[in-house]
file target01.txt (compact mmCIF, C-alpha atoms and all ligand atoms)
# COMPACT_ATOMS: atom_id res chain seq x y z
CA MET A 1 -34.22 13.82 12.84
CA GLU A 2 -32.87 10.31 13.03
CA PHE A 3 -31.11 9.14 9.87
CA ARG A 4 -31.61 5.46 9.16
CA ILE A 5 -27.92 4.67 8.76
CA ARG A 6 -26.84 1.01 8.41
CA GLU A 7 -25.39 -0.40 11.65
CA GLU A 8 -22.27 -1.50 9.73
CA ILE A 9 -21.51 2.13 8.88
CA LYS A 10 -22.11 3.29 12.44
CA ALA A 11 -19.55 0.76 13.65
CA MET A 12 -16.88 2.05 11.25
CA LYS A 13 -14.26 4.72 11.84
CA ARG A 14 -13.08 7.28 9.33
CA TYR A 15 -9.69 6.53 7.71
CA VAL A 16 -6.97 8.72 9.21
CA ALA A 17 -4.64 9.73 6.38
CA GLY A 18 -1.16 11.22 6.87
CA LYS A 19 -1.38 14.95 7.64
CA PRO A 20 -1.20 17.07 4.47
CA ILE A 21 1.79 19.42 4.10
CA SER A 22 -0.50 22.44 3.61
CA GLU A 23 -2.25 21.77 6.93
CA VAL A 24 0.99 21.54 8.90
CA LYS A 25 2.36 24.71 7.26
CA ARG A 26 -0.85 26.56 8.13
CA GLU A 27 -1.13 25.27 11.70
CA LEU A 28 2.51 25.72 12.66
CA GLY A 29 3.45 28.65 10.45
CA LEU A 30 6.32 26.65 8.90
CA GLU A 31 7.72 27.43 5.48
CA THR A 32 9.29 24.09 4.73
CA VAL A 33 7.57 20.86 5.61
CA VAL A 34 8.67 17.40 4.51
CA LYS A 35 6.04 14.67 4.49
CA MET A 36 7.38 11.23 5.30
CA ALA A 37 4.04 9.81 6.39
CA SER A 38 2.13 8.36 3.46
CA ASN A 39 4.76 6.39 1.54
CA GLU A 40 4.57 8.72 -1.42
CA ASN A 41 7.35 8.88 -3.97
CA PRO A 42 9.77 11.71 -3.06
CA MET A 43 11.02 11.81 -6.66
CA GLY A 44 7.53 12.43 -8.00
CA ALA A 45 6.47 10.88 -11.28
CA SER A 46 8.51 10.41 -14.46
CA PRO A 47 8.93 13.64 -16.49
CA LYS A 48 7.47 11.70 -19.41
CA VAL A 49 4.30 11.13 -17.40
CA LYS A 50 4.01 14.86 -16.76
CA GLU A 51 4.36 15.57 -20.47
CA MET A 52 1.65 13.04 -21.25
CA MET A 53 -0.65 14.70 -18.69
CA LYS A 54 -0.26 18.01 -20.50
CA ARG A 55 -1.10 16.44 -23.86
CA THR A 56 -4.14 14.70 -22.36
CA LEU A 57 -5.59 18.07 -21.31
CA GLU A 58 -6.93 18.39 -24.85
CA ASP A 59 -9.41 15.59 -24.10
CA ILE A 60 -10.53 16.82 -20.69
CA SER A 61 -14.20 16.95 -21.72
CA LEU A 62 -14.37 13.28 -22.73
CA TYR A 63 -15.36 10.35 -20.53
CA PRO A 64 -12.47 7.97 -20.05
CA ASP A 65 -12.50 4.47 -21.57
CA SER A 66 -14.36 2.47 -18.92
CA GLY A 67 -12.48 -0.68 -19.92
CA SER A 68 -9.03 1.02 -19.74
CA TYR A 69 -8.12 -0.81 -22.98
CA GLY A 70 -4.77 0.91 -23.58
CA LEU A 71 -3.50 0.34 -20.07
CA ARG A 72 -4.67 -3.26 -19.90
CA HIS A 73 -3.03 -3.85 -23.27
CA GLU A 74 0.29 -2.39 -22.07
CA LEU A 75 0.15 -4.45 -18.86
CA SER A 76 -0.67 -7.55 -20.85
CA LEU A 77 2.35 -7.01 -23.14
CA ARG A 78 4.64 -6.49 -20.17
CA THR A 79 3.44 -9.37 -18.02
CA GLY A 80 2.44 -11.98 -20.58
CA ARG A 81 -1.00 -12.26 -18.96
CA ALA A 82 -4.18 -11.99 -21.05
CA MET A 83 -6.06 -8.70 -21.03
CA GLU A 84 -9.11 -10.60 -19.73
CA GLU A 85 -7.13 -11.35 -16.57
CA ILE A 86 -6.57 -7.67 -15.78
CA ILE A 87 -8.75 -5.07 -14.06
CA ILE A 88 -7.92 -1.40 -13.56
CA GLY A 89 -9.40 0.58 -10.67
CA GLY A 90 -9.18 3.99 -9.03
CA GLY A 91 -6.28 2.91 -6.87
CA SER A 92 -5.94 -0.53 -5.32
CA ASP A 93 -8.14 0.92 -2.56
CA SER A 94 -10.99 0.87 -5.02
CA LEU A 95 -10.24 -2.74 -6.01
CA ILE A 96 -10.20 -3.84 -2.37
CA LYS A 97 -13.71 -2.42 -2.07
CA VAL A 98 -14.77 -4.15 -5.30
CA ILE A 99 -13.46 -7.50 -4.04
CA SER A 100 -15.20 -7.08 -0.67
CA SER A 101 -18.48 -6.17 -2.37
CA THR A 102 -18.23 -9.13 -4.73
CA PHE A 103 -17.59 -11.79 -2.11
CA LEU A 104 -18.74 -10.81 1.34
CA TYR A 105 -22.10 -11.41 2.99
CA PRO A 106 -22.76 -10.30 6.57
CA GLY A 107 -21.26 -12.90 8.90
CA ASP A 108 -18.57 -14.04 6.45
CA GLU A 109 -14.99 -13.83 7.69
CA ILE A 110 -11.82 -12.34 6.33
CA ILE A 111 -8.35 -13.01 7.73
CA MET A 112 -5.57 -10.42 7.89
CA GLY A 113 -2.47 -9.75 9.98
CA GLU A 114 -3.05 -7.70 13.13
CA HIS A 115 -0.76 -4.95 11.79
CA SER A 116 -1.64 -4.80 8.14
CA PHE A 117 -3.37 -2.44 5.73
CA SER A 118 -6.46 -1.04 7.44
CA ARG A 119 -8.59 -0.82 4.31
CA TYR A 120 -9.02 -4.61 4.30
CA GLU A 121 -10.76 -4.32 7.65
CA ASP A 122 -12.84 -1.24 6.77
CA ASN A 123 -14.17 -2.73 3.56
CA ALA A 124 -14.99 -6.04 5.22
CA LYS A 125 -16.90 -4.21 7.94
CA LEU A 126 -18.75 -2.21 5.33
CA MET A 127 -20.19 -5.50 4.09
CA GLY A 128 -20.98 -6.69 7.63
CA ALA A 129 -18.23 -9.31 7.55
CA LYS A 130 -16.14 -10.32 10.54
CA VAL A 131 -12.44 -9.51 10.64
CA VAL A 132 -10.15 -12.19 12.09
CA LYS A 133 -6.66 -10.87 12.84
CA THR A 134 -3.64 -13.11 13.30
CA ALA A 135 -0.81 -12.29 15.69
CA MET A 136 2.33 -10.48 14.48
CA GLU A 137 4.42 -10.36 17.62
CA ASP A 138 7.64 -9.85 15.66
CA LEU A 139 5.81 -7.44 13.30
CA THR A 140 5.89 -9.86 10.37
CA LEU A 141 2.98 -11.76 8.81
CA HIS A 142 2.73 -15.42 9.80
CA LEU A 143 1.13 -17.33 6.98
CA ASP A 144 0.87 -20.49 9.06
CA LEU A 145 -1.23 -18.67 11.68
CA MET A 146 -3.46 -17.39 8.89
CA LEU A 147 -4.05 -20.94 7.69
CA GLU A 148 -4.86 -22.04 11.22
CA ALA A 149 -7.46 -19.25 11.45
CA VAL A 150 -9.41 -20.52 8.42
CA SER A 151 -12.98 -21.55 9.30
CA ASP A 152 -15.93 -22.57 7.16
CA LYS A 153 -16.90 -18.89 7.16
CA THR A 154 -13.60 -17.64 5.74
CA LYS A 155 -14.02 -16.06 2.31
CA ILE A 156 -10.86 -13.97 1.94
CA ILE A 157 -7.29 -13.93 3.26
CA TYR A 158 -5.30 -10.74 2.70
CA LEU A 159 -1.55 -11.17 2.26
CA CYS A 160 0.10 -7.78 2.14
CA ASN A 161 3.60 -8.31 0.76
CA PRO A 162 5.59 -6.22 1.56
CA ASN A 163 3.34 -5.50 4.48
CA ASN A 164 2.15 -2.02 5.34
CA PRO A 165 2.80 -0.68 8.01
CA THR A 166 5.69 -2.97 9.01
CA GLY A 167 7.65 -3.24 5.74
CA SER A 168 8.27 -6.95 6.32
CA SER A 169 7.97 -9.41 3.44
CA PHE A 170 7.91 -13.13 2.73
CA GLY A 171 9.58 -15.10 -0.04
CA LYS A 172 8.78 -17.74 -2.62
CA GLU A 173 9.00 -20.80 -0.40
CA GLU A 174 6.58 -19.39 2.15
CA LEU A 175 4.09 -18.37 -0.52
CA GLU A 176 4.19 -21.77 -2.21
CA ALA A 177 3.72 -23.66 1.06
CA PHE A 178 0.75 -21.40 1.85
CA LEU A 179 -0.92 -21.74 -1.56
CA LYS A 180 -0.65 -25.52 -1.41
CA ARG A 181 -2.45 -25.62 1.90
CA VAL A 182 -5.11 -22.92 1.58
CA PRO A 183 -8.57 -24.28 0.63
CA SER A 184 -9.46 -23.41 -2.96
CA SER A 185 -12.78 -21.94 -1.74
CA VAL A 186 -10.90 -19.17 0.09
CA MET A 187 -9.80 -16.18 -1.99
CA VAL A 188 -6.19 -15.12 -1.47
CA ILE A 189 -5.60 -11.43 -2.12
CA LEU A 190 -1.92 -10.76 -2.56
CA ASP A 191 -1.51 -7.00 -2.22
CA GLU A 192 1.80 -5.99 -3.78
CA ALA A 193 1.55 -2.20 -3.54
CA TYR A 194 5.29 -1.98 -2.73
CA ARG A 195 6.64 -4.82 -4.88
CA GLU A 196 8.91 -2.65 -7.03
CA TYR A 197 11.02 -1.79 -3.96
CA VAL A 198 11.69 -5.37 -2.86
CA THR A 199 15.37 -6.30 -2.54
CA ARG A 200 15.16 -9.76 -0.95
CA GLU A 201 16.60 -12.37 -3.27
CA ASP A 202 13.91 -15.02 -2.92
CA TYR A 203 11.11 -12.74 -4.09
CA PHE A 204 8.77 -14.17 -6.69
CA ASP A 205 6.58 -13.10 -9.56
CA ALA A 206 3.10 -13.72 -8.16
CA LEU A 207 1.61 -13.82 -11.65
CA ASN A 208 3.28 -17.22 -12.18
CA TYR A 209 0.85 -18.75 -9.69
CA LEU A 210 -2.37 -17.54 -11.31
CA ASP A 211 -2.80 -20.59 -13.56
CA ALA A 212 -2.44 -23.13 -10.78
CA TYR A 213 -4.41 -21.18 -8.15
CA LYS A 214 -7.70 -19.79 -9.45
CA ASN A 215 -8.41 -18.40 -5.97
CA LEU A 216 -5.44 -16.00 -6.23
CA ILE A 217 -5.92 -12.27 -6.92
CA VAL A 218 -2.84 -10.05 -7.26
CA LEU A 219 -3.15 -6.31 -6.62
CA ARG A 220 -0.61 -3.67 -7.68
CA THR A 221 -0.60 0.12 -7.91
CA PHE A 222 0.87 3.17 -9.62
CA SER A 223 0.71 5.15 -6.36
CA LYS A 224 4.08 4.17 -4.90
CA ALA A 225 7.15 3.51 -7.05
CA TYR A 226 5.55 5.15 -10.11
CA GLY A 227 4.83 8.29 -8.05
CA MET A 228 1.24 8.75 -9.19
CA ALA A 229 -0.72 8.60 -5.91
CA SER A 230 -2.83 11.65 -6.74
CA LEU A 231 -4.02 10.14 -10.02
CA ARG A 232 -5.61 7.09 -8.34
CA VAL A 233 -4.81 4.09 -10.45
CA GLY A 234 -4.27 0.51 -9.35
CA TYR A 235 -4.63 -2.85 -11.08
CA GLY A 236 -5.36 -6.45 -10.39
CA PHE A 237 -4.82 -9.87 -11.99
CA ALA A 238 -7.21 -12.79 -11.55
CA ASP A 239 -9.08 -15.49 -13.39
CA PRO A 240 -11.05 -13.96 -16.33
CA GLU A 241 -14.36 -15.09 -14.86
CA LEU A 242 -13.62 -13.17 -11.68
CA ILE A 243 -12.47 -10.11 -13.59
CA GLY A 244 -15.82 -10.18 -15.38
CA TYR A 245 -17.65 -10.04 -12.04
CA PHE A 246 -15.40 -7.29 -10.72
CA TYR A 247 -16.12 -5.19 -13.80
CA ARG A 248 -19.84 -5.41 -12.91
CA VAL A 249 -19.09 -3.87 -9.51
CA VAL A 250 -16.41 -1.24 -10.18
CA ASP A 251 -17.64 2.25 -11.05
CA PRO A 252 -17.68 2.51 -14.86
CA PHE A 253 -15.50 5.63 -14.89
CA ASP A 254 -13.42 4.81 -11.82
CA VAL A 255 -10.15 5.47 -13.64
CA ASN A 256 -9.90 8.91 -15.21
CA LEU A 257 -8.36 9.59 -18.59
CA PHE A 258 -5.22 11.23 -17.18
CA ALA A 259 -4.57 8.25 -14.95
CA GLN A 260 -4.93 5.79 -17.82
CA GLU A 261 -2.64 7.69 -20.20
CA ALA A 262 -0.11 8.47 -17.47
CA ALA A 263 0.05 4.85 -16.32
CA VAL A 264 0.89 3.58 -19.82
CA THR A 265 3.69 6.15 -20.06
CA ALA A 266 4.93 5.29 -16.57
CA LEU A 267 5.27 1.61 -17.49
CA GLN A 268 7.33 2.56 -20.55
CA ASP A 269 9.81 4.69 -18.57
CA GLU A 270 11.73 1.84 -16.98
CA GLU A 271 14.78 4.01 -16.37
CA PHE A 272 12.87 6.33 -14.06
CA LEU A 273 11.59 3.35 -12.07
CA HIS A 274 15.16 2.04 -11.66
CA GLU A 275 16.31 5.42 -10.34
CA VAL A 276 13.44 5.52 -7.85
CA VAL A 277 14.18 2.06 -6.55
CA ALA A 278 17.94 2.71 -6.34
CA GLU A 279 17.37 5.91 -4.34
CA ASN A 280 15.03 4.04 -2.01
CA THR A 281 17.56 1.26 -1.47
CA ARG A 282 20.25 3.84 -0.65
CA GLY A 283 17.86 5.50 1.80
CA LYS A 284 17.01 2.21 3.44
CA GLU A 285 20.70 1.38 4.01
CA PHE A 286 21.14 4.85 5.51
CA PHE A 287 18.27 4.31 7.97
CA TYR A 288 19.56 0.86 8.92
CA LYS A 289 22.99 2.25 9.73
CA GLU A 290 21.70 5.27 11.66
CA LEU A 291 19.26 3.22 13.70
CA GLU A 292 21.91 0.63 14.47
CA ASP A 293 24.19 3.43 15.71
CA LEU A 294 21.34 4.64 17.93
CA GLY A 295 20.70 1.12 19.18
CA GLN A 296 17.06 1.22 18.04
CA SER A 297 15.54 -1.92 16.60
CA TYR A 298 13.83 -1.70 13.23
CA VAL A 299 11.87 -4.08 11.06
CA VAL A 300 13.86 -5.11 7.97
CA THR A 301 11.92 -3.46 5.16
CA ASP A 302 11.22 -4.30 1.54
CA ALA A 303 9.08 -1.21 1.05
CA ASN A 304 9.63 2.55 0.82
CA PHE A 305 9.13 3.08 4.54
CA ILE A 306 10.67 1.80 7.73
CA LEU A 307 9.13 1.07 11.13
CA TRP A 308 11.09 1.08 14.33
CA ASP A 309 10.79 0.99 18.08
CA THR A 310 11.65 4.41 19.52
CA GLN A 311 11.32 3.14 23.11
CA LYS A 312 9.57 6.44 23.75
CA ASP A 313 6.13 8.03 23.45
CA ASP A 314 5.57 7.96 19.70
CA MET A 315 2.84 10.64 19.79
CA GLU A 316 5.25 13.01 21.51
CA ILE A 317 7.92 12.23 18.93
CA PHE A 318 5.35 12.83 16.16
CA ARG A 319 4.41 16.24 17.61
CA ARG A 320 8.00 17.33 18.13
CA LEU A 321 9.09 16.24 14.65
CA MET A 322 6.19 18.16 13.18
CA GLN A 323 7.39 21.32 14.94
CA LYS A 324 10.66 20.79 13.07
CA GLY A 325 8.86 20.36 9.74
CA TYR A 326 8.77 16.55 9.42
CA ILE A 327 5.48 14.66 9.20
CA ILE A 328 5.72 10.96 10.05
CA ARG A 329 3.22 8.26 11.09
CA PRO A 330 3.15 7.57 14.84
CA GLY A 331 2.70 3.92 15.78
CA GLY A 332 -0.20 4.83 18.06
CA PHE A 333 -2.30 5.46 14.94
CA LEU A 334 -1.31 2.04 13.64
CA GLY A 335 -1.85 0.02 16.80
CA ILE A 336 1.91 -0.25 17.45
CA PRO A 337 2.61 2.26 20.22
CA GLY A 338 6.20 3.27 20.83
CA HIS A 339 7.02 2.79 17.15
CA ILE A 340 7.12 5.25 14.29
CA ARG A 341 6.77 4.59 10.57
CA VAL A 342 8.81 6.86 8.35
CA SER A 343 8.60 6.98 4.56
CA ILE A 344 12.06 6.77 3.01
CA SER A 345 12.73 9.97 1.07
CA THR A 346 15.54 11.46 -1.00
CA MET A 347 18.94 11.34 0.72
CA ASP A 348 18.77 15.07 1.54
CA HIS A 349 15.50 14.63 3.36
CA ASN A 350 16.59 11.40 5.03
CA ILE A 351 19.67 13.15 6.44
CA GLY A 352 17.62 16.18 7.52
CA PHE A 353 15.07 13.93 9.16
CA MET A 354 17.69 11.98 11.11
CA LYS A 355 19.22 15.17 12.43
CA ALA A 356 15.78 16.35 13.61
CA TYR A 357 14.98 12.93 15.08
CA LYS A 358 18.20 12.89 17.11
CA GLU A 359 17.40 16.39 18.40
CA VAL A 360 13.95 15.21 19.45
CA LEU A 361 15.41 12.21 21.29
CA ALA A 362 17.87 14.50 23.09
CA GLU A 363 15.08 16.94 24.02
CA MET A 364 12.95 14.11 25.39
CA ASP A 365 15.87 12.66 27.36
CA GLY A 366 16.39 16.08 28.87
CA ILE A 367 12.80 16.37 30.15
C1 LIG B 401 -0.64 -2.18 1.20
C2 LIG B 401 -1.41 -1.15 0.47
N1 LIG B 401 -2.35 -1.52 -0.38
C3 LIG B 401 -3.06 -0.63 -1.07
C4 LIG B 401 -2.84 0.71 -0.91
C5 LIG B 401 -3.70 1.66 -1.67
O1 LIG B 401 -3.02 2.17 -2.73
P1 LIG B 401 -3.75 2.99 -3.87
O2 LIG B 401 -3.19 4.35 -3.83
O3 LIG B 401 -3.44 2.23 -5.13
O4 LIG B 401 -5.22 2.98 -3.58
C6 LIG B 401 -1.86 1.17 -0.04
C7 LIG B 401 -1.64 2.60 0.15
O5 LIG B 401 -1.07 3.07 1.07
C8 LIG B 401 -1.14 0.21 0.68
O6 LIG B 401 -0.20 0.57 1.55
call {"tool": "encode", "arguments": {"input": "target01.txt", "output": "structure tokens"}}
result
Amino acid sequence: MEFRIREEIKAMKRYVAGKPISEVKRELGLETVVKMASNENPMGASPKVKEMMKRTLEDISLYPDSGSYGLRHELSLRTGRAMEEIIIGGGSDSLIKVISSTFLYPGDEIIMGEHSFSRYEDNAKLMGAKVVKTAMEDLTLHLDLMLEAVSDKTKIIYLCNPNNPTGSSFGKEELEAFLKRVPSSVMVILDEAYREYVTREDYFDALNYLDAYKNLIVLRTFSKAYGMASLRVGYGFADPELIGYFYRVVDPFDVNLFAQEAAVTALQDEEFLHEVVAENTRGKEFFYKELEDLGQSYVVTDANFILWDTQKDDMEIFRRLMQKGYIIRPGGFLGIPGHIRVSISTMDHNIGFMKAYKEVLAEMDGI
């Protein structure tokens, strides 16, 4: 039997997620496995969020509020933006799909960095759009190259800041120069999944640009610094007219009740967020120092992961680290062979990882 599958789907590849801990334990018979592959929060979620989840169990049989009123209200209070400018989705992944579905016809173009978040590409291809990738030789996004790539077919430019999988970021001046030059007919999606971790001093609040640039959409998530990846909740800010269209496209019950209640609580626990960010910053300094001692060059990161050049076979490093109970992301999977991307964890795990990594390097030198 021949299924009449759309050609766009046939041309796509399945997303390769970081290996789950349970799978590695099962396959290798290991008792302890540390996952440093998917940029999850090693400190978990706020204890207050967990308490709220328990209380929400009482309402498990009810459909969630499809307009996520409580969460949009809380976000509005905290950001000063109107509720009509806010959309909530089942992770920013879901919102990327909503945006693609809203704007893209077959043959339209999107622009993204050559090493950026793969879901931009997958969702564009799903709609039959063409993906134009700009060079990132130094593993950072070049906004000027993105502007040069604009054609009359360009509908969307994705700016991932900080950028996954490189961790690099850009500051206020660069953003402003870009926004001034980008045609207003081109949508700019500023994906700030890792914004809470940023330490560079010239970082900006992207929401300040929404009034002047109606073509700007800002995406954020509760999956990273708020430690709620399993709950699937992300959010976006844009012009109210656009938000209205997006709400026509997004699944009505995309965001479950637990996610909505938990996200409100997470926003209120600012102390937990500060602890998470401080631990990440400590971890990042640790990696910088260790890698400098090893003479390995890394990309300066503003996220909760770090990418570096191992000068070796990254797949072999990935396999050997897994044998020692550490799951990381090999650059081969990300189109950056020779590199590995490691999620920054708690200091205990960071130290344990570095010890294992040095052993792997020594083993490979001895081959
Ligand atoms: C840059 C970027 N955007 C979006 C996402 C998706 O996040 P969410 O869990 O909110 O769907 C990720 C997740 O890894 C990401 O790295």
call {"tool": "residues_around", "arguments": {"input": "target01.txt", "residues": "region 143-152 of chain A", "least_positions_apart": "3", "cutoff": "9 Å", "atoms": "only C-alpha atoms", "output": "ChimeraX atom specification"}}
result
/A:108-113,132-135,155,157,159,174-175,178,181-183,186
call {"tool": "residues_near_ligand", "arguments": {"input": "target01.txt", "ligand": "ligand LIG 401 (chain B)", "cutoff": "9 Å", "atoms": "all atoms listed in the file", "output": "ChimeraX atom specification"}}
result
/A:38-40,89-96,116-120,160-165,191-194,219-224,228-235
call {"tool": "atom_distance", "arguments": {"input": "target01.txt", "atom1": "CA of Met187 (chain A)", "atom2": "CA of Tyr203 (chain A)"}}
result
21.3 Å
call {"tool": "atom_distance", "arguments": {"input": "target01.txt", "atom1": "CA of Ser184 (chain A)", "atom2": "CA of His142 (chain A)"}}
result
19.4 Å
call {"tool": "atom_distance", "arguments": {"input": "target01.txt", "atom1": "CA of Asp254 (chain A)", "atom2": "CA of Ile88 (chain A)"}}
result
8.5 Å
call {"tool": "closest_residue", "arguments": {"input": "target01.txt", "among": "A:Leu141, A:Met52, A:Ala177, A:Val277", "to": "Glu261 (chain A)", "atoms": "only C-alpha atoms"}}
result
A:Met52
call {"tool": "closest_residue", "arguments": {"input": "target01.txt", "among": "A:Val218, A:Leu139, A:Ala259, A:Ile5", "to": "Ile60 (chain A)", "atoms": "only C-alpha atoms"}}
result
A:Ala259
call {"tool": "residues_near_point", "arguments": {"input": "target01.txt", "point": "(-20.5, -2.7, 14.7)", "cutoff": "12 Å", "atoms": "only C-alpha atoms", "output": "list in words"}}
result
Arg6, Glu7, Glu8, Ile9, Lys10, Ala11, Met12, Lys13, Pro106, Gly107, Asp122, Ala124, Lys125, Leu126, Met127, Gly128, Ala129, Lys130 and Val131 of chain A
